[in-house]
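So this one's entry-v1.csv, CSV, C-alpha atoms and all ligand atoms:
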chain,number,residue,atom,x,y,z
W,27,MET,CA,53.6,-94.4,1.6
W,28,LYS,CA,50.0,-93.3,1.0
W,29,ARG,CA,48.2,-94.4,-2.2
W,30,SER,CA,46.0,-92.6,-4.6
W,31,LEU,CA,43.1,-94.2,-6.3
W,32,LEU,CA,43.4,-93.8,-10.1
W,33,LEU,CA,40.2,-93.5,-12.0
W,34,ASN,CA,39.6,-93.8,-15.7
W,35,CYS,CA,38.1,-90.7,-17.2
W,36,ASN,CA,34.6,-92.2,-16.9
W,37,GLY,CA,35.1,-92.7,-13.1
W,38,GLU,CA,35.8,-96.4,-13.3
W,39,PRO,CA,38.5,-97.3,-10.7
W,40,LEU,CA,41.7,-98.6,-12.3
W,41,GLN,CA,44.3,-99.1,-9.5
W,42,PHE,CA,45.9,-97.8,-6.4
W,43,ILE,CA,49.2,-96.1,-7.3
W,44,ASP,CA,51.8,-94.7,-4.9
W,45,ALA,CA,51.7,-91.0,-4.1
W,46,ALA,CA,54.9,-90.1,-6.0
W,47,ARG,CA,53.5,-91.5,-9.2
W,48,ALA,CA,50.2,-89.7,-8.6
W,49,ILE,CA,51.9,-86.4,-8.2
W,50,LYS,CA,54.0,-87.0,-11.3
W,51,LEU,CA,50.8,-87.6,-13.3
W,52,MET,CA,49.4,-84.4,-11.9
W,53,LEU,CA,52.5,-82.4,-12.9
W,54,LYS,CA,52.3,-83.8,-16.4
W,55,GLY,CA,48.7,-82.7,-16.6
W,56,ARG,CA,47.4,-86.2,-17.2
W,57,VAL,CA,45.0,-86.3,-14.3
W,58,GLU,CA,42.9,-84.0,-12.2
W,59,VAL,CA,42.0,-84.5,-8.5
W,60,ALA,CA,38.5,-85.9,-8.2
W,61,PHE,CA,35.9,-84.6,-5.8
W,62,GLY,CA,35.5,-86.4,-2.5
W,63,LEU,CA,32.6,-86.8,0.0
W,64,SER,CA,32.9,-83.3,1.2
W,65,GLY,CA,32.4,-81.9,-2.4
W,66,GLU,CA,36.0,-80.7,-2.3
W,67,PRO,CA,39.0,-82.2,-4.2
W,68,SER,CA,40.1,-85.3,-2.5
W,69,PHE,CA,43.4,-85.2,-0.7
W,70,TRP,CA,45.2,-86.9,2.2
W,71,ASP,CA,46.4,-84.6,5.0
W,72,GLU,CA,50.0,-85.6,4.2
W,73,ILE,CA,52.3,-83.8,1.9
W,74,ILE,CA,55.3,-85.0,-0.1
W,75,SER,CA,58.3,-82.6,0.0
W,76,SER,CA,60.8,-82.1,-2.8
W,77,PRO,CA,63.9,-79.9,-2.4
W,78,THR,CA,61.9,-76.9,-3.9
W,79,SER,CA,58.3,-77.4,-2.8
W,80,GLY,CA,55.7,-79.6,-1.2
W,81,PHE,CA,52.8,-81.4,-2.8
W,82,ARG,CA,49.6,-82.4,-1.1
W,83,ILE,CA,49.0,-86.1,-1.8
W,84,PRO,CA,45.8,-86.6,-3.7
W,85,ALA,CA,43.5,-89.4,-2.6
W,86,VAL,CA,41.5,-89.8,-5.8
W,87,ILE,CA,42.7,-88.7,-9.2
W,88,ARG,CA,40.9,-89.0,-12.5
W,89,LEU,CA,42.6,-89.4,-15.9
W,90,LYS,CA,41.7,-86.7,-18.5
W,91,TYR,CA,41.6,-89.3,-21.2
W,92,PHE,CA,40.2,-92.8,-21.5
W,93,VAL,CA,42.4,-95.9,-21.2
W,94,ASN,CA,41.2,-99.3,-22.4
W,95,LYS,CA,41.9,-101.6,-19.5
W,96,ARG,CA,41.8,-104.6,-21.8
W,97,ILE,CA,45.0,-103.4,-23.5
W,98,HIS,CA,46.9,-104.1,-20.3
W,99,LYS,CA,45.1,-107.2,-19.3
W,100,LYS,CA,46.9,-110.4,-18.9
W,101,PRO,CA,46.2,-112.9,-16.1
W,102,PRO,CA,48.1,-111.8,-13.1
W,103,ARG,CA,50.7,-114.1,-11.5
W,104,PHE,CA,49.3,-115.9,-8.4
W,105,GLN,CA,50.3,-114.1,-5.2
W,106,LYS,CA,49.0,-115.0,-1.8
W,107,LYS,CA,48.7,-111.4,-0.6
W,108,VAL,CA,46.7,-110.4,-3.6
W,109,LEU,CA,44.4,-113.5,-3.1
W,110,PHE,CA,43.8,-112.4,0.5
W,111,ASN,CA,43.1,-108.8,-0.6
W,112,ARG,CA,40.6,-110.2,-3.2
W,113,ASP,CA,38.9,-112.1,-0.4
W,114,SER,CA,39.0,-109.1,2.0
W,115,TRP,CA,41.2,-111.2,4.4
W,116,MET,CA,38.0,-113.1,5.2
W,117,CYS,CA,37.7,-116.9,5.5
W,118,GLN,CA,35.6,-117.8,2.5
W,119,TYR,CA,33.8,-120.6,4.5
W,120,CYS,CA,32.9,-119.2,7.9
W,121,GLY,CA,33.3,-115.5,7.1
W,122,ILE,CA,35.7,-114.7,10.0
W,123,GLU,CA,38.2,-112.0,9.4
W,124,CYS,CA,41.8,-113.3,9.7
W,125,CYS,CA,45.0,-111.6,10.6
W,126,TYR,CA,48.2,-112.4,8.7
W,127,SER,CA,49.2,-115.3,11.0
W,128,ALA,CA,45.8,-116.9,11.0
W,129,ILE,CA,44.9,-116.9,7.3
W,130,THR,CA,45.7,-119.7,4.9
W,131,VAL,CA,45.2,-120.6,1.2
W,132,ASP,CA,42.7,-123.3,0.6
W,133,HIS,CA,42.6,-125.3,-2.6
W,134,VAL,CA,38.9,-125.7,-3.4
W,135,LEU,CA,39.8,-128.9,-5.3
W,136,PRO,CA,42.6,-130.2,-3.0
W,137,ALA,CA,46.1,-130.1,-4.3
W,138,SER,CA,46.5,-133.8,-3.4
W,139,ARG,CA,43.7,-134.5,-5.9
W,140,GLY,CA,45.1,-132.4,-8.7
W,141,GLY,CA,43.7,-129.0,-7.7
W,142,ARG,CA,46.0,-126.3,-9.1
W,143,THR,CA,47.2,-123.2,-7.4
W,144,THR,CA,45.2,-120.8,-9.5
W,145,TRP,CA,42.9,-117.8,-8.8
W,146,LYS,CA,39.9,-119.8,-9.5
W,147,ASN,CA,40.8,-122.8,-7.4
W,148,CYS,CA,42.1,-121.0,-4.3
W,149,VAL,CA,40.4,-119.0,-1.6
W,150,ALA,CA,41.3,-117.5,1.7
W,151,ALA,CA,40.4,-119.7,4.7
W,152,CYS,CA,41.0,-119.6,8.4
W,153,LYS,CA,43.1,-122.4,9.8
W,154,ARG,CA,40.1,-124.1,11.5
W,155,CYS,CA,38.1,-124.3,8.3
W,156,ASN,CA,41.1,-125.4,6.2
W,157,ASN,CA,41.9,-128.2,8.7
W,158,ASN,CA,38.3,-129.2,8.9
W,159,LYS,CA,38.0,-129.4,5.1
W,160,GLY,CA,41.2,-131.4,4.8
W,161,ALA,CA,41.6,-133.2,1.4
W,162,ARG,CA,37.9,-132.9,0.6
W,163,THR,CA,35.9,-130.8,-1.8
W,164,PRO,CA,33.5,-128.2,-0.1
W,165,GLU,CA,30.6,-130.5,-1.1
W,166,GLU,CA,32.2,-133.6,0.5
W,167,ALA,CA,33.0,-131.6,3.6
W,168,GLY,CA,29.5,-130.0,3.8
W,169,MET,CA,31.0,-126.6,3.5
W,170,LYS,CA,29.8,-123.7,1.4
W,171,LEU,CA,31.9,-121.0,-0.3
W,172,ILE,CA,30.7,-117.5,0.5
W,173,LYS,CA,31.5,-116.5,-3.1
W,174,GLN,CA,33.0,-118.2,-6.1
W,175,PRO,CA,36.7,-117.4,-6.6
W,176,ILE,CA,37.5,-115.1,-9.6
W,177,GLU,CA,40.6,-113.5,-11.0
W,178,PRO,CA,41.5,-110.5,-9.0
W,179,SER,CA,41.4,-107.0,-10.4
W,180,SER,CA,44.3,-104.6,-10.4
W,181,LEU,CA,42.7,-102.9,-7.3
W,182,HIS,CA,43.5,-106.1,-5.3
W,183,TYR,CA,47.2,-105.4,-5.5
W,184,TRP,CA,46.8,-102.9,-2.7
W,185,ASP,CA,45.5,-104.0,0.8
W,186,THR,CA,42.8,-101.6,1.7
W,187,SER,CA,41.7,-103.5,4.8
W,188,LYS,CA,44.1,-101.6,7.1
W,189,SER,CA,42.3,-98.5,8.3
W,190,SER,CA,45.6,-96.5,8.0
W,191,SER,CA,45.7,-97.2,4.3
W,192,TRP,CA,42.0,-96.5,3.6
W,193,HIS,CA,40.8,-93.0,2.6
W,194,ASP,CA,37.1,-92.3,3.3
W,195,ASP,CA,36.5,-90.8,-0.2
W,196,TRP,CA,37.3,-94.2,-1.8
W,197,VAL,CA,33.8,-95.5,-0.8
W,198,LEU,CA,32.5,-93.3,-3.6
W,199,PHE,CA,34.4,-95.5,-6.1
W,200,VAL,CA,35.3,-98.9,-4.6
W,201,LYS,CA,33.7,-100.9,-1.8
W,202,SER,CA,35.5,-100.9,1.5
W,203,ASN,CA,36.7,-104.3,3.0
J,301,ZN,ZN,36.8,-120.3,8.6
What's the structure tokens form of this structure?
Ligand SMILES: [Zn+2]
Amino acid sequence: MKRSLLLNCNGEPLQFIDAARAIKLMLKGRVEVAFGLSGEPSFWDEIISSPTSGFRIPAVIRLKYFVNKRIHKKPPRFQKKVLFNRDSWMCQYCGIECCYSAITVDHVLPASRGGRTTWKNCVAACKRCNNNKGARTPEEAGMKLIKQPIEPSSLHYWDTSKSSSWHDDWVLFVKSN
């Protein structure tokens, strides 16, 4: 199902939500459809049908009121897929883009040496770099991380790297993978 990008009322991106939830928020009057690249309200071409009518799926919606993200903030549970989304499905050592079967989780401080499976100790790596690094730290292996691992944001729960799931208007608010 298509997703809608939900913005805070100040334009800050909050998360990708499924189309049915986006349309419910619209019907409740809590959001409005934001303007896209064309200067028109941002929609997908698809519609969702109910027994009585059809709704165009919005691509970007904006809350009419401000929500404080911190209220909902607790450290998200570690999930591989979210980690890969955070790292744009890109090896964090050589920068190669990896498909699902070629991507691995690398423990920056190796698990065999007490490195934990946490957002800040794990990065996406291709099999070659992961094997090459082995049970060494990046420094010991002479490898350099492209960026330091951080906790993911709620945007990383959705994989935007597939072109079929990416809406062009989203470049206005979040960076494309
Ligand atoms: Zn690599």
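Between W:Val197 and the residues W:Ser138, W:Gly62, W:Thr143, W:Arg162, the shortest atom-to-atom distance, using all atoms listed in the file, involves W:Gly62.
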Could you tell me, counting only C-alpha atoms and all ligand atoms, which protein and nucleic acid residues lie no more than 6 Å from ligand ZN 301 (chain J), written as a CSV table (one decimal) with C-alpha atoms, in the coordinates of the input?
chain,number,residue,atom,x,y,z
W,117,CYS,CA,37.7,-116.9,5.5
W,119,TYR,CA,33.8,-120.6,4.5
W,120,CYS,CA,32.9,-119.2,7.9
W,122,ILE,CA,35.7,-114.7,10.0
W,151,ALA,CA,40.4,-119.7,4.7
W,152,CYS,CA,41.0,-119.6,8.4
W,154,ARG,CA,40.1,-124.1,11.5
W,155,CYS,CA,38.1,-124.3,8.3
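The nearest approach to W:Trp192 among the residues W:Tyr126, W:Pro39, W:Val86, W:Val59, with all atoms listed in the file taken into account, belongs to W:Val86.
Using all atoms listed in the file for every distance, the candidate list W:Met116, W:Leu63, W:Leu40, W:Ala85 yields W:Leu40 as the residue closest to W:Leu181.
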Write out as a PDB file with C-alpha atoms, in the coordinates of the input each polymer residue whose atoms come within 12 Å of W:Ala137, counting only C-alpha atoms; drop sequence neighbours fewer than 6 positions from it.
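Contents of around-v4.pdb, freshly written:
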ATOM      1  CA  VAL W 131      45.200-120.600   1.200  1.00  0.00           C
ATOM      2  CA  THR W 143      47.200-123.200  -7.400  1.00  0.00           C
ATOM      3  CA  THR W 144      45.200-120.800  -9.500  1.00  0.00           C
ATOM      4  CA  ASN W 147      40.800-122.800  -7.400  1.00  0.00           C
ATOM      5  CA  CYS W 148      42.100-121.000  -4.300  1.00  0.00           C
ATOM      6  CA  GLY W 160      41.200-131.400   4.800  1.00  0.00           C
ATOM      7  CA  ALA W 161      41.600-133.200   1.400  1.00  0.00           C
ATOM      8  CA  ARG W 162      37.900-132.900   0.600  1.00  0.00           C
ATOM      9  CA  THR W 163      35.900-130.800  -1.800  1.00  0.00           C
TER      10      THR W 163
END
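If you measure from each of W:Pro84, W:Arg29, W:Glu38, W:Ile74 to W:Met52 using all atoms listed in the file, the closest one turns out to be W:Pro84.
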Near W:Asp132, within 7 Å and counting all atoms listed in the file, which residues show up once chain neighbours fewer than 2 positions away are dropped, as a ChimeraX atom specification? /W:130,134,148-151,156
The distance between atom CA of W:Thr186 and atom CA of W:Val93 is 23.6 Å
Quiz item: What's the 12 Å shell around W:Leu32, counting all atoms listed in the file, without same-chain residues fewer than 2 positions away, as a PyMOL selection string?
Solution: chain W and resi 29-30+34-45+47-49+51-52+56-60+68+84-90+92-93+180-181+196+199-200
Correct to one decimal, the distance atom CA of W:Ser191-atom CA of W:Asp113 is 17.0 Å
